[in-house]
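K.L.:
For reference, the file data25.cif (mmCIF, N, CA, C and O atoms) is included below:
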data_upload
loop_
_atom_site.label_atom_id
_atom_site.label_comp_id
_atom_site.auth_asym_id
_atom_site.auth_seq_id
_atom_site.Cartn_x
_atom_site.Cartn_y
_atom_site.Cartn_z
N MET A 1 -250.82 -6.24 16.69
CA MET A 1 -250.31 -6.01 18.03
C MET A 1 -248.86 -6.49 18.08
O MET A 1 -248.49 -7.47 17.45
N ALA A 2 -248.05 -5.78 18.85
CA ALA A 2 -246.66 -6.16 19.09
C ALA A 2 -246.42 -6.12 20.60
O ALA A 2 -247.07 -5.35 21.31
N LYS A 3 -245.49 -6.95 21.04
CA LYS A 3 -245.23 -7.04 22.48
C LYS A 3 -243.73 -7.14 22.74
O LYS A 3 -242.99 -7.67 21.93
N ILE A 4 -243.36 -6.63 23.90
CA ILE A 4 -242.05 -6.91 24.47
C ILE A 4 -242.33 -7.81 25.67
O ILE A 4 -243.13 -7.46 26.54
N ILE A 5 -241.71 -8.97 25.67
CA ILE A 5 -241.86 -9.90 26.78
C ILE A 5 -240.49 -10.03 27.43
O ILE A 5 -239.49 -10.31 26.76
N VAL A 6 -240.45 -9.80 28.74
CA VAL A 6 -239.20 -9.86 29.49
C VAL A 6 -239.32 -11.00 30.49
O VAL A 6 -240.32 -11.09 31.21
N ILE A 7 -238.31 -11.87 30.51
CA ILE A 7 -238.35 -13.05 31.37
C ILE A 7 -237.15 -13.00 32.32
O ILE A 7 -236.00 -12.95 31.87
N TYR A 8 -237.44 -13.01 33.60
CA TYR A 8 -236.41 -12.93 34.63
C TYR A 8 -236.27 -14.27 35.35
O TYR A 8 -237.27 -14.92 35.67
N GLN A 9 -235.02 -14.62 35.66
CA GLN A 9 -234.78 -15.75 36.53
C GLN A 9 -234.86 -15.26 37.98
O GLN A 9 -234.91 -14.05 38.24
N GLU A 10 -234.89 -16.19 38.91
CA GLU A 10 -235.05 -15.81 40.32
C GLU A 10 -233.93 -14.85 40.75
O GLU A 10 -232.75 -15.12 40.51
N PRO A 11 -234.31 -13.74 41.37
CA PRO A 11 -233.31 -12.76 41.82
C PRO A 11 -232.59 -13.22 43.09
O PRO A 11 -233.02 -14.17 43.75
N LYS A 12 -231.53 -12.50 43.42
CA LYS A 12 -230.75 -12.79 44.63
C LYS A 12 -231.59 -12.59 45.88
O LYS A 12 -231.52 -13.37 46.81
N ASP A 13 -232.35 -11.51 45.92
CA ASP A 13 -233.23 -11.19 47.05
C ASP A 13 -234.63 -10.94 46.48
O ASP A 13 -234.91 -9.88 45.93
N VAL A 14 -235.49 -11.92 46.65
CA VAL A 14 -236.83 -11.88 46.06
C VAL A 14 -237.63 -10.66 46.53
O VAL A 14 -238.21 -9.94 45.73
N ASP A 15 -237.66 -10.42 47.81
CA ASP A 15 -238.47 -9.32 48.34
C ASP A 15 -237.99 -7.96 47.86
O ASP A 15 -238.80 -7.12 47.47
N GLU A 16 -236.68 -7.74 47.90
CA GLU A 16 -236.15 -6.46 47.44
C GLU A 16 -236.41 -6.26 45.95
O GLU A 16 -236.77 -5.17 45.51
N PHE A 17 -236.21 -7.32 45.17
CA PHE A 17 -236.45 -7.23 43.73
C PHE A 17 -237.92 -6.93 43.44
O PHE A 17 -238.22 -6.03 42.65
N LYS A 18 -238.83 -7.66 44.05
CA LYS A 18 -240.26 -7.43 43.82
C LYS A 18 -240.64 -6.00 44.16
O LYS A 18 -241.35 -5.34 43.40
N ASN A 19 -240.18 -5.52 45.29
CA ASN A 19 -240.49 -4.15 45.71
C ASN A 19 -239.96 -3.15 44.69
O ASN A 19 -240.69 -2.25 44.27
N TYR A 20 -238.71 -3.30 44.29
CA TYR A 20 -238.13 -2.36 43.33
C TYR A 20 -238.83 -2.44 41.99
O TYR A 20 -239.17 -1.42 41.38
N TYR A 21 -239.06 -3.66 41.52
CA TYR A 21 -239.65 -3.86 40.20
C TYR A 21 -241.06 -3.27 40.13
O TYR A 21 -241.39 -2.53 39.19
N GLU A 22 -241.87 -3.60 41.12
CA GLU A 22 -243.26 -3.14 41.10
C GLU A 22 -243.40 -1.65 41.35
O GLU A 22 -244.24 -0.99 40.74
N ASN A 23 -242.57 -1.08 42.22
CA ASN A 23 -242.73 0.32 42.61
C ASN A 23 -241.89 1.30 41.82
O ASN A 23 -242.23 2.48 41.78
N ASN A 24 -240.80 0.84 41.22
CA ASN A 24 -239.92 1.74 40.48
C ASN A 24 -239.92 1.45 38.98
O ASN A 24 -240.24 2.32 38.18
N HIS A 25 -239.54 0.24 38.65
CA HIS A 25 -239.35 -0.08 37.24
C HIS A 25 -240.66 -0.01 36.45
O HIS A 25 -240.71 0.60 35.38
N MET A 26 -241.70 -0.62 36.95
CA MET A 26 -242.97 -0.60 36.22
C MET A 26 -243.57 0.80 36.14
O MET A 26 -244.27 1.12 35.18
N ALA A 27 -243.27 1.64 37.10
CA ALA A 27 -243.72 3.04 37.02
C ALA A 27 -243.08 3.73 35.82
O ALA A 27 -243.73 4.53 35.13
N LEU A 28 -241.82 3.42 35.54
CA LEU A 28 -241.15 3.98 34.37
C LEU A 28 -241.75 3.44 33.07
O LEU A 28 -241.92 4.17 32.10
N VAL A 29 -242.08 2.16 33.06
CA VAL A 29 -242.68 1.55 31.88
C VAL A 29 -244.00 2.23 31.53
O VAL A 29 -244.30 2.48 30.37
N LYS A 30 -244.77 2.59 32.53
CA LYS A 30 -246.07 3.21 32.28
C LYS A 30 -245.96 4.59 31.65
O LYS A 30 -246.92 5.10 31.09
N ASP A 31 -244.76 5.19 31.71
CA ASP A 31 -244.53 6.50 31.09
C ASP A 31 -244.11 6.38 29.62
O ASP A 31 -244.00 7.39 28.93
N VAL A 32 -243.87 5.18 29.15
CA VAL A 32 -243.42 4.97 27.76
C VAL A 32 -244.60 5.24 26.82
O VAL A 32 -245.70 4.73 27.04
N PRO A 33 -244.38 6.03 25.77
CA PRO A 33 -245.48 6.30 24.84
C PRO A 33 -245.91 5.04 24.09
O PRO A 33 -245.11 4.13 23.88
N ASN A 34 -247.17 5.02 23.71
CA ASN A 34 -247.77 3.99 22.87
C ASN A 34 -248.05 2.66 23.59
O ASN A 34 -248.52 1.73 22.95
N VAL A 35 -247.76 2.56 24.88
CA VAL A 35 -248.04 1.33 25.61
C VAL A 35 -249.55 1.21 25.79
O VAL A 35 -250.20 2.11 26.31
N THR A 36 -250.11 0.09 25.33
CA THR A 36 -251.55 -0.13 25.49
C THR A 36 -251.85 -0.98 26.72
O THR A 36 -252.96 -0.91 27.26
N ASN A 37 -250.86 -1.76 27.18
CA ASN A 37 -251.04 -2.58 28.38
C ASN A 37 -249.66 -3.02 28.86
O ASN A 37 -248.78 -3.27 28.04
N ALA A 38 -249.50 -3.10 30.16
CA ALA A 38 -248.27 -3.61 30.74
C ALA A 38 -248.65 -4.44 31.96
O ALA A 38 -249.40 -3.97 32.81
N GLU A 39 -248.16 -5.68 31.99
CA GLU A 39 -248.50 -6.53 33.12
C GLU A 39 -247.32 -7.36 33.57
O GLU A 39 -246.41 -7.65 32.79
N VAL A 40 -247.36 -7.72 34.83
CA VAL A 40 -246.34 -8.54 35.45
C VAL A 40 -247.00 -9.82 35.93
O VAL A 40 -248.08 -9.78 36.53
N ASN A 41 -246.35 -10.94 35.65
CA ASN A 41 -246.84 -12.23 36.13
C ASN A 41 -245.69 -12.98 36.79
O ASN A 41 -244.58 -13.01 36.27
N TYR A 42 -245.98 -13.58 37.94
CA TYR A 42 -244.99 -14.37 38.66
C TYR A 42 -245.11 -15.83 38.23
O TYR A 42 -246.21 -16.38 38.18
N VAL A 43 -243.99 -16.41 37.89
CA VAL A 43 -243.95 -17.78 37.38
C VAL A 43 -244.17 -18.76 38.54
O VAL A 43 -243.48 -18.69 39.55
N THR A 44 -245.12 -19.65 38.36
CA THR A 44 -245.37 -20.68 39.37
C THR A 44 -244.81 -22.04 38.95
O THR A 44 -244.61 -22.90 39.79
N ALA A 45 -244.54 -22.21 37.66
CA ALA A 45 -243.92 -23.44 37.16
C ALA A 45 -243.29 -23.15 35.82
O ALA A 45 -243.84 -22.39 35.02
N ALA A 46 -242.13 -23.75 35.58
CA ALA A 46 -241.45 -23.64 34.29
C ALA A 46 -241.09 -25.06 33.85
O ALA A 46 -240.30 -25.73 34.51
N MET A 47 -241.68 -25.47 32.78
CA MET A 47 -241.49 -26.84 32.30
C MET A 47 -240.44 -26.90 31.20
O MET A 47 -240.20 -25.92 30.51
N ASN A 48 -239.81 -28.06 31.07
CA ASN A 48 -238.81 -28.32 30.04
C ASN A 48 -237.56 -27.46 30.17
O ASN A 48 -236.93 -27.12 29.17
N THR A 49 -237.23 -27.07 31.38
CA THR A 49 -236.03 -26.27 31.62
C THR A 49 -235.51 -26.53 33.02
O THR A 49 -236.27 -26.90 33.92
N GLU A 50 -234.24 -26.32 33.19
CA GLU A 50 -233.61 -26.39 34.52
C GLU A 50 -233.53 -25.00 35.14
O GLU A 50 -233.19 -24.86 36.30
N LYS A 51 -233.83 -23.98 34.36
CA LYS A 51 -233.74 -22.60 34.86
C LYS A 51 -234.87 -22.31 35.83
O LYS A 51 -235.97 -22.83 35.69
N ASN A 52 -234.57 -21.46 36.79
CA ASN A 52 -235.52 -21.11 37.82
C ASN A 52 -236.16 -19.76 37.48
O ASN A 52 -235.74 -18.72 37.98
N TYR A 53 -237.13 -19.78 36.57
CA TYR A 53 -237.78 -18.54 36.14
C TYR A 53 -238.67 -18.00 37.24
O TYR A 53 -239.29 -18.74 37.98
N PHE A 54 -238.70 -16.67 37.34
CA PHE A 54 -239.36 -16.01 38.45
C PHE A 54 -240.51 -15.09 38.02
O PHE A 54 -241.56 -15.07 38.64
N LEU A 55 -240.29 -14.30 36.96
CA LEU A 55 -241.24 -13.26 36.61
C LEU A 55 -241.23 -13.05 35.10
O LEU A 55 -240.18 -13.15 34.47
N THR A 56 -242.40 -12.75 34.55
CA THR A 56 -242.48 -12.29 33.17
C THR A 56 -243.19 -10.94 33.17
O THR A 56 -244.12 -10.72 33.96
N ALA A 57 -242.74 -10.07 32.32
CA ALA A 57 -243.41 -8.79 32.10
C ALA A 57 -243.76 -8.70 30.63
O ALA A 57 -242.94 -9.04 29.77
N THR A 58 -244.98 -8.28 30.35
CA THR A 58 -245.44 -8.13 28.98
C THR A 58 -245.87 -6.69 28.76
O THR A 58 -246.69 -6.17 29.51
N ILE A 59 -245.29 -6.06 27.76
CA ILE A 59 -245.61 -4.67 27.41
C ILE A 59 -246.19 -4.71 26.01
O ILE A 59 -245.53 -5.15 25.07
N GLU A 60 -247.43 -4.25 25.86
CA GLU A 60 -248.14 -4.35 24.59
C GLU A 60 -248.25 -3.00 23.88
O GLU A 60 -248.41 -1.96 24.52
N PHE A 61 -248.21 -3.09 22.55
CA PHE A 61 -248.33 -1.93 21.66
C PHE A 61 -249.31 -2.30 20.56
O PHE A 61 -249.45 -3.47 20.21
N SER A 62 -249.95 -1.32 19.95
CA SER A 62 -250.93 -1.61 18.91
C SER A 62 -250.29 -2.13 17.62
O SER A 62 -250.95 -2.81 16.83
N SER A 63 -249.01 -1.82 17.39
CA SER A 63 -248.34 -2.27 16.17
C SER A 63 -246.83 -2.31 16.40
O SER A 63 -246.31 -1.71 17.35
N LYS A 64 -246.14 -2.96 15.48
CA LYS A 64 -244.68 -3.00 15.54
C LYS A 64 -244.11 -1.59 15.39
O LYS A 64 -243.12 -1.24 16.03
N GLU A 65 -244.74 -0.78 14.56
CA GLU A 65 -244.28 0.60 14.36
C GLU A 65 -244.41 1.41 15.66
O GLU A 65 -243.52 2.20 15.99
N GLN A 66 -245.52 1.20 16.37
CA GLN A 66 -245.71 1.90 17.65
C GLN A 66 -244.65 1.44 18.67
O GLN A 66 -244.13 2.26 19.43
N LEU A 67 -244.33 0.16 18.68
CA LEU A 67 -243.30 -0.37 19.55
C LEU A 67 -241.95 0.26 19.21
O LEU A 67 -241.22 0.72 20.10
N GLU A 68 -241.61 0.27 17.93
CA GLU A 68 -240.33 0.84 17.50
C GLU A 68 -240.22 2.31 17.85
O GLU A 68 -239.16 2.78 18.28
N GLU A 69 -241.31 3.05 17.67
CA GLU A 69 -241.33 4.47 18.04
C GLU A 69 -241.10 4.62 19.55
O GLU A 69 -240.32 5.47 19.99
N ALA A 70 -241.76 3.79 20.33
CA ALA A 70 -241.62 3.85 21.79
C ALA A 70 -240.18 3.58 22.22
O ALA A 70 -239.66 4.23 23.14
N MET A 71 -239.54 2.63 21.55
CA MET A 71 -238.17 2.28 21.92
C MET A 71 -237.16 3.38 21.60
O MET A 71 -236.03 3.35 22.09
N GLN A 72 -237.57 4.37 20.81
CA GLN A 72 -236.71 5.52 20.51
C GLN A 72 -236.96 6.70 21.45
O GLN A 72 -236.28 7.72 21.36
N SER A 73 -237.90 6.55 22.35
CA SER A 73 -238.31 7.66 23.21
C SER A 73 -237.38 7.84 24.42
O SER A 73 -236.74 6.88 24.87
N PRO A 74 -237.34 9.05 24.97
CA PRO A 74 -236.59 9.29 26.21
C PRO A 74 -237.13 8.44 27.37
O PRO A 74 -236.34 8.01 28.22
N ALA A 75 -238.42 8.18 27.38
CA ALA A 75 -239.00 7.36 28.45
C ALA A 75 -238.46 5.94 28.39
O ALA A 75 -238.17 5.33 29.42
N TRP A 76 -238.32 5.38 27.17
CA TRP A 76 -237.75 4.04 27.04
C TRP A 76 -236.28 4.03 27.44
O TRP A 76 -235.78 3.07 28.03
N ALA A 77 -235.57 5.11 27.16
CA ALA A 77 -234.17 5.21 27.57
C ALA A 77 -234.07 5.10 29.09
O ALA A 77 -233.17 4.44 29.62
N LYS A 78 -235.01 5.71 29.81
CA LYS A 78 -235.03 5.61 31.28
C LYS A 78 -235.30 4.18 31.73
O LYS A 78 -234.70 3.71 32.69
N VAL A 79 -236.20 3.50 31.04
CA VAL A 79 -236.48 2.09 31.36
C VAL A 79 -235.21 1.26 31.16
O VAL A 79 -234.85 0.44 32.01
N SER A 80 -234.53 1.47 30.05
CA SER A 80 -233.30 0.73 29.76
C SER A 80 -232.22 1.01 30.80
O SER A 80 -231.54 0.09 31.26
N GLU A 81 -232.06 2.27 31.16
CA GLU A 81 -231.08 2.64 32.19
C GLU A 81 -231.43 1.96 33.51
O GLU A 81 -230.55 1.46 34.21
N ASP A 82 -232.70 1.94 33.84
CA ASP A 82 -233.12 1.33 35.10
C ASP A 82 -232.90 -0.19 35.06
O ASP A 82 -232.66 -0.80 36.09
N GLY A 83 -232.98 -0.76 33.87
CA GLY A 83 -232.67 -2.19 33.74
C GLY A 83 -231.27 -2.49 34.23
O GLY A 83 -231.03 -3.52 34.87
N GLN A 84 -230.35 -1.59 33.98
CA GLN A 84 -228.98 -1.76 34.49
C GLN A 84 -228.95 -1.66 36.01
O GLN A 84 -228.21 -2.39 36.67
N ASN A 85 -229.77 -0.77 36.58
CA ASN A 85 -229.84 -0.66 38.04
C ASN A 85 -230.33 -1.96 38.67
O ASN A 85 -229.92 -2.33 39.77
N MET A 86 -231.23 -2.65 37.99
CA MET A 86 -231.81 -3.88 38.54
C MET A 86 -230.84 -5.04 38.55
O MET A 86 -231.07 -6.04 39.22
N MET A 87 -229.74 -4.92 37.81
CA MET A 87 -228.78 -6.02 37.77
C MET A 87 -228.19 -6.32 39.15
O MET A 87 -227.73 -7.42 39.40
N LYS A 88 -228.27 -5.37 40.08
CA LYS A 88 -227.77 -5.64 41.43
C LYS A 88 -228.60 -6.73 42.12
O LYS A 88 -228.14 -7.36 43.07
N PHE A 89 -229.82 -6.95 41.64
CA PHE A 89 -230.70 -7.98 42.21
C PHE A 89 -230.59 -9.32 41.47
O PHE A 89 -231.14 -10.32 41.93
N LEU A 90 -229.94 -9.32 40.31
CA LEU A 90 -229.99 -10.48 39.42
C LEU A 90 -228.63 -11.15 39.24
O LEU A 90 -227.60 -10.49 39.32
N ASN A 91 -228.68 -12.44 38.95
CA ASN A 91 -227.46 -13.18 38.64
C ASN A 91 -227.12 -13.10 37.15
O ASN A 91 -225.97 -13.25 36.77
N GLU A 92 -228.14 -12.89 36.32
CA GLU A 92 -227.91 -12.70 34.89
C GLU A 92 -229.01 -11.83 34.30
O GLU A 92 -230.09 -11.70 34.88
N ALA A 93 -228.70 -11.24 33.17
CA ALA A 93 -229.66 -10.33 32.53
C ALA A 93 -230.92 -11.09 32.10
O ALA A 93 -230.86 -12.28 31.77
N PRO A 94 -232.06 -10.41 32.09
CA PRO A 94 -233.29 -11.05 31.66
C PRO A 94 -233.29 -11.30 30.15
O PRO A 94 -232.55 -10.66 29.40
N LEU A 95 -234.13 -12.20 29.74
CA LEU A 95 -234.35 -12.49 28.32
C LEU A 95 -235.42 -11.53 27.82
O LEU A 95 -236.47 -11.38 28.45
N LEU A 96 -235.17 -10.86 26.69
CA LEU A 96 -236.16 -9.96 26.08
C LEU A 96 -236.59 -10.54 24.75
O LEU A 96 -235.75 -10.87 23.91
N LEU A 97 -237.89 -10.63 24.56
CA LEU A 97 -238.45 -11.10 23.30
C LEU A 97 -239.34 -10.01 22.73
O LEU A 97 -240.08 -9.36 23.48
N ILE A 98 -239.28 -9.80 21.42
CA ILE A 98 -240.21 -8.90 20.75
C ILE A 98 -241.05 -9.78 19.84
O ILE A 98 -240.52 -10.53 19.03
N THR A 99 -242.36 -9.69 20.03
CA THR A 99 -243.27 -10.52 19.27
C THR A 99 -244.26 -9.66 18.50
O THR A 99 -244.47 -8.50 18.81
N GLU A 100 -244.87 -10.30 17.51
CA GLU A 100 -245.83 -9.57 16.69
C GLU A 100 -246.97 -10.50 16.35
O GLU A 100 -246.80 -11.71 16.22
#
Would you give me this structure, written as structure tokens?
P.N.:
Amino acid sequence: MAKIIVIYQEPKDVDEFKNYYENNHMALVKDVPNVTNAEVNYVTAAMNTEKNYFLTATIEFSSKEQLEEAMQSPAWAKVSEDGQNMMKFLNEAPLLLITE
């Protein structure tokens, strides 16, 4: 299994960000090929950091190869483009981790 984990700090406007993220951005993620699961979790506590983390998103794939194939797709390009749209809600870009 391989995953993309995205970690966001608290947005400028929580309600607008949540609405956009849940109704627009995650809808695009669900169109990405090879995704076996995609979930959003809201951070209730972040230990050992001064950063104010707000949300994590986890996108799962059956293998690293499936993840790499997905990242080359037109659907992933739309997700990436939309990530730039979301910057209007954020003070800094989210952290992206790829795990295996």
K.L.:
Step by step, work through what the PyMOL selection byres ((chain A and resi 7) around 5) selects in the shown file, and finish by giving those residues as a ChimeraX atom specification.
P.N.:
/A:5-6,8-9,55-56,94-95
K.L.:
Given the file shown, determine the residues that the PyMOL selection byres (((chain A and resi 74-89 and name CA) around 9) and name CA) selects; report them as a PDB file with N, CA, C and O atoms, keeping the file's coordinate frame.
P.N.:
ATOM      1  N   PRO A  11    -234.310 -13.740  41.370  1.00  0.00           N
ATOM      2  CA  PRO A  11    -233.310 -12.760  41.820  1.00  0.00           C
ATOM      3  C   PRO A  11    -232.590 -13.220  43.090  1.00  0.00           C
ATOM      4  O   PRO A  11    -233.020 -14.170  43.750  1.00  0.00           O
ATOM      5  N   LYS A  12    -231.530 -12.500  43.420  1.00  0.00           N
ATOM      6  CA  LYS A  12    -230.750 -12.790  44.630  1.00  0.00           C
ATOM      7  C   LYS A  12    -231.590 -12.590  45.880  1.00  0.00           C
ATOM      8  O   LYS A  12    -231.520 -13.370  46.810  1.00  0.00           O
ATOM      9  N   ASP A  13    -232.350 -11.510  45.920  1.00  0.00           N
ATOM     10  CA  ASP A  13    -233.230 -11.190  47.050  1.00  0.00           C
ATOM     11  C   ASP A  13    -234.630 -10.940  46.480  1.00  0.00           C
ATOM     12  O   ASP A  13    -234.910  -9.880  45.930  1.00  0.00           O
ATOM     13  N   VAL A  14    -235.490 -11.920  46.650  1.00  0.00           N
ATOM     14  CA  VAL A  14    -236.830 -11.880  46.060  1.00  0.00           C
ATOM     15  C   VAL A  14    -237.630 -10.660  46.530  1.00  0.00           C
ATOM     16  O   VAL A  14    -238.210  -9.940  45.730  1.00  0.00           O
ATOM     17  N   GLU A  16    -236.680  -7.740  47.900  1.00  0.00           N
ATOM     18  CA  GLU A  16    -236.150  -6.460  47.440  1.00  0.00           C
ATOM     19  C   GLU A  16    -236.410  -6.260  45.950  1.00  0.00           C
ATOM     20  O   GLU A  16    -236.770  -5.170  45.510  1.00  0.00           O
ATOM     21  N   PHE A  17    -236.210  -7.320  45.170  1.00  0.00           N
ATOM     22  CA  PHE A  17    -236.450  -7.230  43.730  1.00  0.00           C
ATOM     23  C   PHE A  17    -237.920  -6.930  43.440  1.00  0.00           C
ATOM     24  O   PHE A  17    -238.220  -6.030  42.650  1.00  0.00           O
ATOM     25  N   TYR A  20    -238.710  -3.300  44.290  1.00  0.00           N
ATOM     26  CA  TYR A  20    -238.130  -2.360  43.330  1.00  0.00           C
ATOM     27  C   TYR A  20    -238.830  -2.440  41.990  1.00  0.00           C
ATOM     28  O   TYR A  20    -239.170  -1.420  41.380  1.00  0.00           O
ATOM     29  N   TYR A  21    -239.060  -3.660  41.520  1.00  0.00           N
ATOM     30  CA  TYR A  21    -239.650  -3.860  40.200  1.00  0.00           C
ATOM     31  C   TYR A  21    -241.060  -3.270  40.130  1.00  0.00           C
ATOM     32  O   TYR A  21    -241.390  -2.530  39.190  1.00  0.00           O
ATOM     33  N   ASN A  24    -240.800   0.840  41.220  1.00  0.00           N
ATOM     34  CA  ASN A  24    -239.920   1.740  40.480  1.00  0.00           C
ATOM     35  C   ASN A  24    -239.920   1.450  38.980  1.00  0.00           C
ATOM     36  O   ASN A  24    -240.240   2.320  38.180  1.00  0.00           O
ATOM     37  N   HIS A  25    -239.540   0.240  38.650  1.00  0.00           N
ATOM     38  CA  HIS A  25    -239.350  -0.080  37.240  1.00  0.00           C
ATOM     39  C   HIS A  25    -240.660  -0.010  36.450  1.00  0.00           C
ATOM     40  O   HIS A  25    -240.710   0.600  35.380  1.00  0.00           O
ATOM     41  N   MET A  26    -241.700  -0.620  36.950  1.00  0.00           N
ATOM     42  CA  MET A  26    -242.970  -0.600  36.220  1.00  0.00           C
ATOM     43  C   MET A  26    -243.570   0.800  36.140  1.00  0.00           C
ATOM     44  O   MET A  26    -244.270   1.120  35.180  1.00  0.00           O
ATOM     45  N   LEU A  28    -241.820   3.420  35.540  1.00  0.00           N
ATOM     46  CA  LEU A  28    -241.150   3.980  34.370  1.00  0.00           C
ATOM     47  C   LEU A  28    -241.750   3.440  33.070  1.00  0.00           C
ATOM     48  O   LEU A  28    -241.920   4.170  32.100  1.00  0.00           O
ATOM     49  N   VAL A  29    -242.080   2.160  33.060  1.00  0.00           N
ATOM     50  CA  VAL A  29    -242.680   1.550  31.880  1.00  0.00           C
ATOM     51  C   VAL A  29    -244.000   2.230  31.530  1.00  0.00           C
ATOM     52  O   VAL A  29    -244.300   2.480  30.370  1.00  0.00           O
ATOM     53  N   ASP A  31    -244.760   5.190  31.710  1.00  0.00           N
ATOM     54  CA  ASP A  31    -244.530   6.500  31.090  1.00  0.00           C
ATOM     55  C   ASP A  31    -244.110   6.380  29.620  1.00  0.00           C
ATOM     56  O   ASP A  31    -244.000   7.390  28.930  1.00  0.00           O
ATOM     57  N   VAL A  32    -243.870   5.180  29.150  1.00  0.00           N
ATOM     58  CA  VAL A  32    -243.420   4.970  27.760  1.00  0.00           C
ATOM     59  C   VAL A  32    -244.600   5.240  26.820  1.00  0.00           C
ATOM     60  O   VAL A  32    -245.700   4.730  27.040  1.00  0.00           O
ATOM     61  N   PRO A  33    -244.380   6.030  25.770  1.00  0.00           N
ATOM     62  CA  PRO A  33    -245.480   6.300  24.840  1.00  0.00           C
ATOM     63  C   PRO A  33    -245.910   5.040  24.090  1.00  0.00           C
ATOM     64  O   PRO A  33    -245.110   4.130  23.880  1.00  0.00           O
ATOM     65  N   ALA A  70    -241.760   3.790  20.330  1.00  0.00           N
ATOM     66  CA  ALA A  70    -241.620   3.850  21.790  1.00  0.00           C
ATOM     67  C   ALA A  70    -240.180   3.580  22.220  1.00  0.00           C
ATOM     68  O   ALA A  70    -239.660   4.230  23.140  1.00  0.00           O
ATOM     69  N   MET A  71    -239.540   2.630  21.550  1.00  0.00           N
ATOM     70  CA  MET A  71    -238.170   2.280  21.920  1.00  0.00           C
ATOM     71  C   MET A  71    -237.160   3.380  21.600  1.00  0.00           C
ATOM     72  O   MET A  71    -236.030   3.350  22.090  1.00  0.00           O
ATOM     73  N   GLN A  72    -237.570   4.370  20.810  1.00  0.00           N
ATOM     74  CA  GLN A  72    -236.710   5.520  20.510  1.00  0.00           C
ATOM     75  C   GLN A  72    -236.960   6.700  21.450  1.00  0.00           C
ATOM     76  O   GLN A  72    -236.280   7.720  21.360  1.00  0.00           O
ATOM     77  N   SER A  73    -237.900   6.550  22.350  1.00  0.00           N
ATOM     78  CA  SER A  73    -238.310   7.660  23.210  1.00  0.00           C
ATOM     79  C   SER A  73    -237.380   7.840  24.420  1.00  0.00           C
ATOM     80  O   SER A  73    -236.740   6.880  24.870  1.00  0.00           O
ATOM     81  N   LEU A  90    -229.940  -9.320  40.310  1.00  0.00           N
ATOM     82  CA  LEU A  90    -229.990 -10.480  39.420  1.00  0.00           C
ATOM     83  C   LEU A  90    -228.630 -11.150  39.240  1.00  0.00           C
ATOM     84  O   LEU A  90    -227.600 -10.490  39.320  1.00  0.00           O
ATOM     85  N   ASN A  91    -228.680 -12.440  38.950  1.00  0.00           N
ATOM     86  CA  ASN A  91    -227.460 -13.180  38.640  1.00  0.00           C
ATOM     87  C   ASN A  91    -227.120 -13.100  37.150  1.00  0.00           C
ATOM     88  O   ASN A  91    -225.970 -13.250  36.770  1.00  0.00           O
ATOM     89  N   GLU A  92    -228.140 -12.890  36.320  1.00  0.00           N
ATOM     90  CA  GLU A  92    -227.910 -12.700  34.890  1.00  0.00           C
ATOM     91  C   GLU A  92    -229.010 -11.830  34.300  1.00  0.00           C
ATOM     92  O   GLU A  92    -230.090 -11.700  34.880  1.00  0.00           O
ATOM     93  N   ALA A  93    -228.700 -11.240  33.170  1.00  0.00           N
ATOM     94  CA  ALA A  93    -229.660 -10.330  32.530  1.00  0.00           C
ATOM     95  C   ALA A  93    -230.920 -11.090  32.100  1.00  0.00           C
ATOM     96  O   ALA A  93    -230.860 -12.280  31.770  1.00  0.00           O
TER      97      ALA A  93
END
K.L.:
Between CA of Leu96 in chain A and CA of Ala57 in chain A, what is the spacing in Å?
P.N.:
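Computing it gives 9.5 Å between the two atoms.
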K.L.:
Please determine, counting all atoms listed in the file, which residue among A:Ala2, A:Met47, A:Glu10, A:Asn19 has the shortest atom-to-atom distance to Glu65 in chain A.
P.N.:
A:Ala2
K.L.:
As a ChimeraX atom specification, please: all residues of chain A that backbone DSSP puts in alpha helix (DSSP H).
P.N.:
/A:14-20,26-29,64-71,74-86
K.L.:
Using the chain letters and numbering of this document, enumerate as a list in words the residues selected by the PyMOL selection byres (((chain A and resi 63 and name CA) around 10) and name CA).
P.N.:
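Those residues are Met1, Ala2, Lys3, Asn34, Glu60, Phe61, Ser62, Lys64, Glu65, Gln66, Leu67, Glu68, Glu69 and Glu100 of chain A.
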K.L.:
Which of these, A:Asn52, A:Thr58, A:Asn41, A:Thr36, has the shortest distance to Leu97 in chain A once you count all atoms listed in the file?
P.N.:
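With all atoms listed in the file as the atom set, the closest residue is A:Thr58.
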K.L.:
At what distance in Å, to one decimal, does atom O of Ala38 in chain A lie from atom N of Lys51 in chain A?
P.N.:
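Here the two named atoms are 25.4 Å from each other.
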K.L.:
Looking only at the backbone, which of the residues in range 4-68 of chain A does DSSP tag as strand (DSSP E), as number ranges by chain?
P.N.:
A: 4-9, 35-42, 53-61
K.L.:
Measure the distance from CA of Val43 in chain A to CA of Asp15 in chain A in Å and round it to one decimal.
P.N.:
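CA of Asp15 in chain A lies at a distance of 14.9 Å from CA of Val43 in chain A.
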